[in-house]
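> Starting off with a structure, shown below.
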Amino acid sequence: MLINCVAYQEGKKLADITVDQISDYLMHPNCFVWVALMDADPAELAQMQQEFNLHELAVEDARNGHQRPKIEEYGDSLFAVVKTAEMIDDTLHIGELDIFAGKNYVLSVRNRSRHGFLGVRARCEQEPHQLSKGSAFVLYALMDAVVDRYFPVVEALEAELETIEGKIFEPGSQRASIEQLYELKREVVMMKHVVAPLMEAVGRLYGGRVPSICEGTRDYFRDIGDHLYRLNALIDAIRDTITTAIQVNLSMVTIEESEVNKRLAAWAAIFAVATAFFGLWGMNFKFMPELDWKYGYPAAVVLVAGVCGYLYYRFKRSGWL
């Protein structure tokens, strides 16, 4: 679906144009066309391929979707795959933004993402001196917007981890904590797969041999690289904390099981005394406490109760009960 199609010249908006007018504006000097699509179908991509002379392999990647974050160079044009991340109902959802950038055009294709980029276009139009840098600055602005949206997601994952950590030492919550930690770890790994490959790809836009269209925007892509390094470090820290929390949680399970075993052993010892005494007096002896002695039975009960009470006191004092 076409979101908008706008022509710019020397950093200033010329007009909203139709797809059929794209080829005409591409002929204008110092002019470039910025087209935004959402969940584009094969027919729309084929039309854009014809208008901008896009490389067939890049179009195929955009058509199939679910690509690894990457930046590929095709002649004097670039094809970037950037993953979008957003929290919807406390669940991490990963989308995709495919960007085709050439000397006089930018085509962005958004897939499986709720958040649009109208704010990015408005920001660029408010800075004509930056927009005059052409398609490279638009590529930077789109990627910068996507990367900036990673930070609230990572912060949400950190907040969820802190909540789970606060429940680890609550009795009886170990199973639920383990399940939550593993679900959180899955989402953190998803973010790792979003950030790490993109960090490597962006490095090629400001270090070493830089694509020709990005020559004047190295510093901007370096800024994106710095953000990605920060995000990657935060994600690694969260992963390490999750691993530690899982180990602590398993240790708490072991400690709780040990406490239960202590209680069972203590009660077993107490009842073993009573069982031993009454088992002994239950044998067929002639002189048993309750038969030949008037106070034999109550004395035996008091004796057993006293021994059991003493054992209970000692176990309680030692922390077994």
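Residue numbers start at 1 in each chain; chains themselves are named A, B, ... in the order of the structure tokens; ligands are numbered from 1 in the order shown.
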Compile the contact shell of Tyr25 of chain A as a PDB file with all heavy atoms, in the first residue's frame: residues with an atom at most 9 Å away, counting only C-alpha atoms, same-chain residues fewer than 6 positions apart removed.


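Written output follows (selection16.pdb):
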ATOM      1  N   ALA A   7       8.364  14.429  -4.140  1.00  0.00           N
ATOM      2  CA  ALA A   7       9.575  14.855  -4.839  1.00  0.00           C
ATOM      3  C   ALA A   7      10.206  16.028  -4.099  1.00  0.00           C
ATOM      4  O   ALA A   7       9.501  16.934  -3.631  1.00  0.00           O
ATOM      5  CB  ALA A   7       9.254  15.241  -6.274  1.00  0.00           C
ATOM      6  N   TYR A   8      11.554  16.027  -3.997  1.00  0.00           N
ATOM      7  CA  TYR A   8      12.302  17.082  -3.321  1.00  0.00           C
ATOM      8  C   TYR A   8      13.404  17.594  -4.248  1.00  0.00           C
ATOM      9  O   TYR A   8      13.977  16.823  -5.041  1.00  0.00           O
ATOM     10  CB  TYR A   8      12.931  16.562  -2.022  1.00  0.00           C
ATOM     11  CG  TYR A   8      11.935  16.053  -1.013  1.00  0.00           C
ATOM     12  CD1 TYR A   8      11.540  14.717  -1.018  1.00  0.00           C
ATOM     13  CD2 TYR A   8      11.386  16.902  -0.054  1.00  0.00           C
ATOM     14  CE1 TYR A   8      10.624  14.244  -0.092  1.00  0.00           C
ATOM     15  CE2 TYR A   8      10.479  16.431   0.877  1.00  0.00           C
ATOM     16  CZ  TYR A   8      10.091  15.106   0.855  1.00  0.00           C
ATOM     17  OH  TYR A   8       9.177  14.647   1.773  1.00  0.00           O
ATOM     18  N   ILE A  17       3.462  13.576  -5.548  1.00  0.00           N
ATOM     19  CA  ILE A  17       3.291  13.132  -6.924  1.00  0.00           C
ATOM     20  C   ILE A  17       2.694  11.727  -6.957  1.00  0.00           C
ATOM     21  O   ILE A  17       2.642  11.032  -5.932  1.00  0.00           O
ATOM     22  CB  ILE A  17       4.639  13.148  -7.673  1.00  0.00           C
ATOM     23  CG1 ILE A  17       5.623  12.159  -7.019  1.00  0.00           C
ATOM     24  CG2 ILE A  17       5.219  14.554  -7.695  1.00  0.00           C
ATOM     25  CD1 ILE A  17       6.954  12.037  -7.757  1.00  0.00           C
ATOM     26  N   CYS A  31      17.276  16.639  -7.854  1.00  0.00           N
ATOM     27  CA  CYS A  31      15.947  16.236  -7.372  1.00  0.00           C
ATOM     28  C   CYS A  31      15.978  14.755  -7.012  1.00  0.00           C
ATOM     29  O   CYS A  31      16.655  13.957  -7.670  1.00  0.00           O
ATOM     30  CB  CYS A  31      14.910  16.493  -8.466  1.00  0.00           C
ATOM     31  SG  CYS A  31      13.221  15.991  -8.011  1.00  0.00           S
ATOM     32  N   PHE A  32      15.294  14.412  -5.946  1.00  0.00           N
ATOM     33  CA  PHE A  32      15.128  12.993  -5.627  1.00  0.00           C
ATOM     34  C   PHE A  32      13.705  12.744  -5.148  1.00  0.00           C
ATOM     35  O   PHE A  32      13.010  13.653  -4.675  1.00  0.00           O
ATOM     36  CB  PHE A  32      16.157  12.528  -4.590  1.00  0.00           C
ATOM     37  CG  PHE A  32      15.879  12.952  -3.182  1.00  0.00           C
ATOM     38  CD1 PHE A  32      15.149  12.145  -2.320  1.00  0.00           C
ATOM     39  CD2 PHE A  32      16.360  14.167  -2.696  1.00  0.00           C
ATOM     40  CE1 PHE A  32      14.907  12.527  -1.014  1.00  0.00           C
ATOM     41  CE2 PHE A  32      16.122  14.554  -1.393  1.00  0.00           C
ATOM     42  CZ  PHE A  32      15.389  13.739  -0.551  1.00  0.00           C
ATOM     43  N   VAL A  33      13.274  11.493  -5.289  1.00  0.00           N
ATOM     44  CA  VAL A  33      11.907  11.092  -4.963  1.00  0.00           C
ATOM     45  C   VAL A  33      11.958  10.138  -3.778  1.00  0.00           C
ATOM     46  O   VAL A  33      12.776   9.209  -3.740  1.00  0.00           O
ATOM     47  CB  VAL A  33      11.221  10.420  -6.165  1.00  0.00           C
ATOM     48  CG1 VAL A  33       9.829   9.923  -5.786  1.00  0.00           C
ATOM     49  CG2 VAL A  33      11.147  11.381  -7.342  1.00  0.00           C
TER      50      VAL A  33
END

> Near segment 214-223 of chain A, within 10 Å and counting only C-alpha atoms, which residues show up once chain neighbours fewer than 4 positions away are dropped, as a PyMOL selection string?

chain A and resi 78+103+130+133-137+139-141+143-144+202-207+209-210+227-229

> For a test of reading the model, state the distance in Å between atom CA of Val188 of chain A and atom CA of Ile238 of chain A, rounded to one decimal.

7.6 Å

> Quick one: of A:Ile224, A:Glu162, A:Trp34, A:Asp20, who's nearest to Thr241 of chain A, counting only C-alpha atoms?

A:Glu162

> Can you pull out the residues contacting segment 109-117 of chain A? Cut-off 9 Å, using only C-alpha atoms, and skip same-chain residues under 5 positions away; I want them as a ChimeraX atom specification.

/A:35-40,62,65,84-86,93-100,122,142,145

> Can you list, as JSON, numbers by chain, every protein, DNA or RNA residue that comes within 12 Å of Glu183 of chain A when you count only C-alpha atoms, leaving out same-chain residues fewer than 4 positions away?

{"A": [90, 91, 92, 157, 160, 161, 164, 176, 177, 178, 179, 187, 188, 189, 190, 239, 242, 246]}

> How about saving the chosen residues, all heavy atoms kept, as a compact mmCIF listing (two decimals), in the first residue's frame?


# COMPACT_ATOMS: atom_id res chain seq x y z
N ASP A 90 2.68 -5.94 26.17
CA ASP A 90 3.79 -6.51 26.93
C ASP A 90 4.45 -7.69 26.20
O ASP A 90 5.11 -8.52 26.84
CB ASP A 90 3.32 -6.97 28.32
CG ASP A 90 2.86 -5.81 29.17
OD1 ASP A 90 3.42 -4.71 29.01
OD2 ASP A 90 1.93 -5.99 29.99
N THR A 91 4.29 -7.75 24.89
CA THR A 91 4.91 -8.80 24.10
C THR A 91 5.75 -8.15 23.00
O THR A 91 5.30 -7.21 22.36
CB THR A 91 3.86 -9.73 23.47
OG1 THR A 91 3.06 -10.31 24.51
CG2 THR A 91 4.51 -10.85 22.68
N LEU A 92 6.94 -8.67 22.79
CA LEU A 92 7.84 -8.11 21.78
C LEU A 92 7.42 -8.58 20.40
O LEU A 92 7.27 -9.77 20.14
CB LEU A 92 9.28 -8.55 22.08
CG LEU A 92 10.35 -8.09 21.08
CD1 LEU A 92 10.43 -6.57 21.05
CD2 LEU A 92 11.70 -8.70 21.44
N LEU A 157 12.34 -4.39 28.77
CA LEU A 157 12.89 -5.70 29.15
C LEU A 157 13.64 -5.61 30.47
O LEU A 157 13.55 -6.51 31.31
CB LEU A 157 13.83 -6.19 28.05
CG LEU A 157 13.18 -6.49 26.68
CD1 LEU A 157 14.23 -6.90 25.66
CD2 LEU A 157 12.11 -7.56 26.80
N GLU A 160 11.07 -5.44 33.25
CA GLU A 160 10.48 -6.76 33.49
C GLU A 160 11.43 -7.65 34.27
O GLU A 160 11.01 -8.40 35.17
CB GLU A 160 10.12 -7.41 32.15
CG GLU A 160 9.39 -8.74 32.29
CD GLU A 160 8.98 -9.33 30.96
OE1 GLU A 160 9.14 -8.64 29.92
OE2 GLU A 160 8.52 -10.49 30.95
N LEU A 161 12.72 -7.57 33.94
CA LEU A 161 13.72 -8.36 34.67
C LEU A 161 13.77 -7.95 36.14
O LEU A 161 13.85 -8.81 37.03
CB LEU A 161 15.08 -8.19 34.02
CG LEU A 161 16.27 -8.89 34.71
CD1 LEU A 161 16.02 -10.39 34.82
CD2 LEU A 161 17.56 -8.61 33.95
N ILE A 164 10.85 -9.48 37.97
CA ILE A 164 11.03 -10.92 38.23
C ILE A 164 12.04 -11.14 39.34
O ILE A 164 11.86 -12.00 40.21
CB ILE A 164 11.47 -11.63 36.94
CG1 ILE A 164 10.38 -11.52 35.87
CG2 ILE A 164 11.76 -13.10 37.22
CD1 ILE A 164 10.80 -12.04 34.51
N ALA A 176 7.19 -20.17 38.69
CA ALA A 176 6.71 -19.06 37.86
C ALA A 176 7.87 -18.17 37.44
O ALA A 176 7.91 -17.68 36.30
CB ALA A 176 5.66 -18.25 38.63
N SER A 177 8.82 -17.94 38.34
CA SER A 177 9.97 -17.10 38.00
C SER A 177 10.82 -17.72 36.90
O SER A 177 11.27 -17.02 36.00
CB SER A 177 10.83 -16.87 39.26
OG SER A 177 10.12 -16.13 40.23
N ILE A 178 11.02 -19.03 36.96
CA ILE A 178 11.79 -19.71 35.93
C ILE A 178 11.12 -19.55 34.57
O ILE A 178 11.76 -19.25 33.55
CB ILE A 178 11.95 -21.20 36.27
CG1 ILE A 178 13.02 -21.39 37.37
CG2 ILE A 178 12.34 -22.00 35.04
CD1 ILE A 178 14.43 -21.17 36.88
N GLU A 179 9.80 -19.75 34.52
CA GLU A 179 9.08 -19.61 33.26
C GLU A 179 9.18 -18.18 32.72
O GLU A 179 9.41 -17.97 31.51
CB GLU A 179 7.61 -20.00 33.46
CG GLU A 179 7.41 -21.48 33.76
CD GLU A 179 5.95 -21.82 34.05
OE1 GLU A 179 5.14 -20.86 34.11
OE2 GLU A 179 5.63 -23.01 34.20
N GLU A 187 12.99 -13.19 24.43
CA GLU A 187 12.81 -11.87 23.85
C GLU A 187 14.14 -11.11 23.77
O GLU A 187 14.39 -10.39 22.79
CB GLU A 187 11.81 -11.07 24.68
CG GLU A 187 10.39 -11.63 24.62
CD GLU A 187 9.40 -10.81 25.41
OE1 GLU A 187 9.83 -10.07 26.32
OE2 GLU A 187 8.19 -10.88 25.13
N VAL A 188 14.99 -11.29 24.76
CA VAL A 188 16.30 -10.64 24.74
C VAL A 188 17.14 -11.19 23.59
O VAL A 188 17.85 -10.44 22.90
CB VAL A 188 17.03 -10.83 26.09
CG1 VAL A 188 18.47 -10.35 25.99
CG2 VAL A 188 16.30 -10.05 27.18
N VAL A 189 17.06 -12.49 23.35
CA VAL A 189 17.80 -13.09 22.23
C VAL A 189 17.26 -12.55 20.90
O VAL A 189 18.04 -12.29 19.97
CB VAL A 189 17.69 -14.62 22.28
CG1 VAL A 189 18.22 -15.25 21.00
CG2 VAL A 189 18.47 -15.17 23.47
N MET A 190 15.96 -12.35 20.82
CA MET A 190 15.38 -11.74 19.61
C MET A 190 15.96 -10.36 19.38
O MET A 190 16.32 -10.00 18.24
CB MET A 190 13.85 -11.68 19.74
CG MET A 190 13.16 -13.03 19.66
SD MET A 190 11.39 -12.95 20.04
CE MET A 190 10.79 -11.85 18.76
N ARG A 239 21.26 -10.18 29.39
CA ARG A 239 21.42 -11.63 29.23
C ARG A 239 22.21 -12.22 30.38
O ARG A 239 21.86 -13.28 30.93
CB ARG A 239 22.10 -11.94 27.90
CG ARG A 239 21.27 -11.68 26.67
CD ARG A 239 22.03 -11.97 25.40
NE ARG A 239 22.35 -13.38 25.27
CZ ARG A 239 23.08 -13.88 24.28
NH1 ARG A 239 23.61 -13.08 23.37
NH2 ARG A 239 23.32 -15.18 24.21
N ILE A 242 20.06 -12.27 33.48
CA ILE A 242 19.06 -13.34 33.40
C ILE A 242 19.69 -14.68 33.75
O ILE A 242 19.12 -15.49 34.50
CB ILE A 242 18.42 -13.38 32.01
CG1 ILE A 242 17.53 -12.16 31.80
CG2 ILE A 242 17.60 -14.66 31.82
CD1 ILE A 242 16.95 -12.05 30.40
N ILE A 246 18.59 -16.99 36.85
CA ILE A 246 18.17 -18.39 36.72
C ILE A 246 18.96 -19.28 37.68
O ILE A 246 18.39 -20.16 38.34
CB ILE A 246 18.34 -18.86 35.26
CG1 ILE A 246 17.33 -18.16 34.35
CG2 ILE A 246 18.17 -20.38 35.16
CD1 ILE A 246 17.50 -18.46 32.88
